[in-house]
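> Sending over a structure as structure tokens; questions will come in a sec.
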Amino acid sequence: MDKFDQLMAKFQPAALSLLRFITGLLLLQFGIAKILKYPVIPEGNAYAFLNKVQMGTLPGTAGLLELILGALLVVGLFTRPVAFLLAGEMAFAYFIGHAPRNFFPLINGGTLAIMFCFACLYLSTAGGGPFSLDAIMRKK
């Protein structure tokens, strides 16, 4: 198993950048849906409520955070503080929006919020990886 560990360890920096990029894209899509109303989500879909999010509401504020901070996460700019803020937003979303519905995340719909929270918490400690604007700025 030692050789497998050594082989996989070579890919760890690139995997970190990939995790940051994909997490950012997935959060960005929620911000785009809430704020820019794109794409229009068909009624009956679990995320159809995103079509009705209004600015100035709690979900609207969350959408603005996801739009701006998600974009920063995609490019890897200010990764640590951005990811920390997003981890907090996702924890807040879970405990305010999901946990009151049911104890179990599978039932209360909070699984994705938990995953985003802990992915962002990890990114806030690990940074953006070698393929990020943070890494480019560090080299200068």
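Just remember, in the structure tokens the first chain shown is A, the second B, etc., residues are 1-based per chain, and ligands are 1-based in the order shown.
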Compile the contact shell of range 86-99 of chain A as a ChimeraX atom specification: residues with an atom at most 6 Å away, counting only C-alpha atoms, same-chain residues fewer than 5 positions apart removed.

/A:108,110,113,117,120-121

> Generate the output file for the selected residues, C-alpha atoms, as a short mmCIF file (atom, residue, chain, number, x, y, z; two decimals), in the first residue's frame.


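And here's selection.cif as it stands now:
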```cif
data_model
loop_
_atom_site.label_atom_id
_atom_site.label_comp_id
_atom_site.auth_asym_id
_atom_site.auth_seq_id
_atom_site.Cartn_x
_atom_site.Cartn_y
_atom_site.Cartn_z
CA ASN A 108 -34.30 17.42 6.08
CA GLY A 110 -29.36 19.33 4.37
CA ALA A 113 -25.19 22.12 2.89
CA CYS A 117 -19.65 23.46 4.77
CA CYS A 120 -15.12 24.97 2.40
CA LEU A 121 -13.81 24.48 5.92
#
```

> Give me the residues near Gly31 in chain A as a PDB file with C-alpha atoms, in the first residue's frame, where near means some atom within 8 Å (using only C-alpha atoms) and where sequence neighbours in that chain fewer than 4 positions away do not count.


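The file below, around24.pdb, is the result:
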```pdb
ATOM      1  CA  LEU A  27     -21.774  27.222  -5.173  1.00  0.00           C
ATOM      2  CA  ILE A  35     -29.783  36.203  -8.194  1.00  0.00           C
ATOM      3  CA  LEU A  36     -29.803  36.020 -12.005  1.00  0.00           C
ATOM      4  CA  ALA A  62     -27.117  33.878   0.643  1.00  0.00           C
ATOM      5  CA  GLY A  63     -27.417  33.960  -3.156  1.00  0.00           C
ATOM      6  CA  LEU A  64     -25.335  37.125  -3.344  1.00  0.00           C
ATOM      7  CA  LEU A  65     -22.647  35.513  -1.173  1.00  0.00           C
ATOM      8  CA  GLU A  66     -22.700  32.379  -3.318  1.00  0.00           C
ATOM      9  CA  LEU A  67     -22.481  34.435  -6.509  1.00  0.00           C
ATOM     10  CA  ILE A  68     -19.564  36.640  -5.471  1.00  0.00           C
ATOM     11  CA  GLY A  70     -18.316  31.289  -5.442  1.00  0.00           C
TER      12      GLY A  70
END
```

> Write out as a count of residues only each polymer residue whose atoms come within 8 Å of Leu16 in chain A, counting only C-alpha atoms; drop sequence neighbours fewer than 2 positions from it.

9

> Counting only C-alpha atoms, what is within 12 Å of Val40 in chain A, bar same-chain residues fewer than 2 positions away, as a list in words?

Gln29, Phe30, Ile32, Ala33, Lys34, Ile35, Leu36, Lys37, Tyr38, Pro42, Glu43, Asn45, Tyr47, Ala48, Phe49, Leu50, Asn51, Lys52 and Val53 of chain A

> Between CA of Ala46 in chain A and CA of Ile107 in chain A, what distance in Å does the model show, to one decimal?

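That distance, rounded to one decimal, is 13.0 Å.
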
> So that I can see what lies close to Ile136 in chain A, please list as a VMD selection string the residues with an atom at most 12 Å from it, counting only C-alpha atoms and leaving out residues fewer than 5 positions away in the same chain.

chain A and resid 75 to 78 128 to 131

> What does the distance between CA of Leu85 in chain A and CA of Gly127 in chain A come to in Å, to one decimal place?

13.4 Å

> May I ask for the distance between CA of Phe118 in chain A and CA of Phe11 in chain A, given in Å to one decimal place?

20.9 Å

> Nearest to Ala83 in chain A: which of A:Pro105, A:Ala135, A:Phe116, A:Gln54 is it, counting only C-alpha atoms?

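Result for the nearest residue to Ala83 in chain A: A:Phe116.
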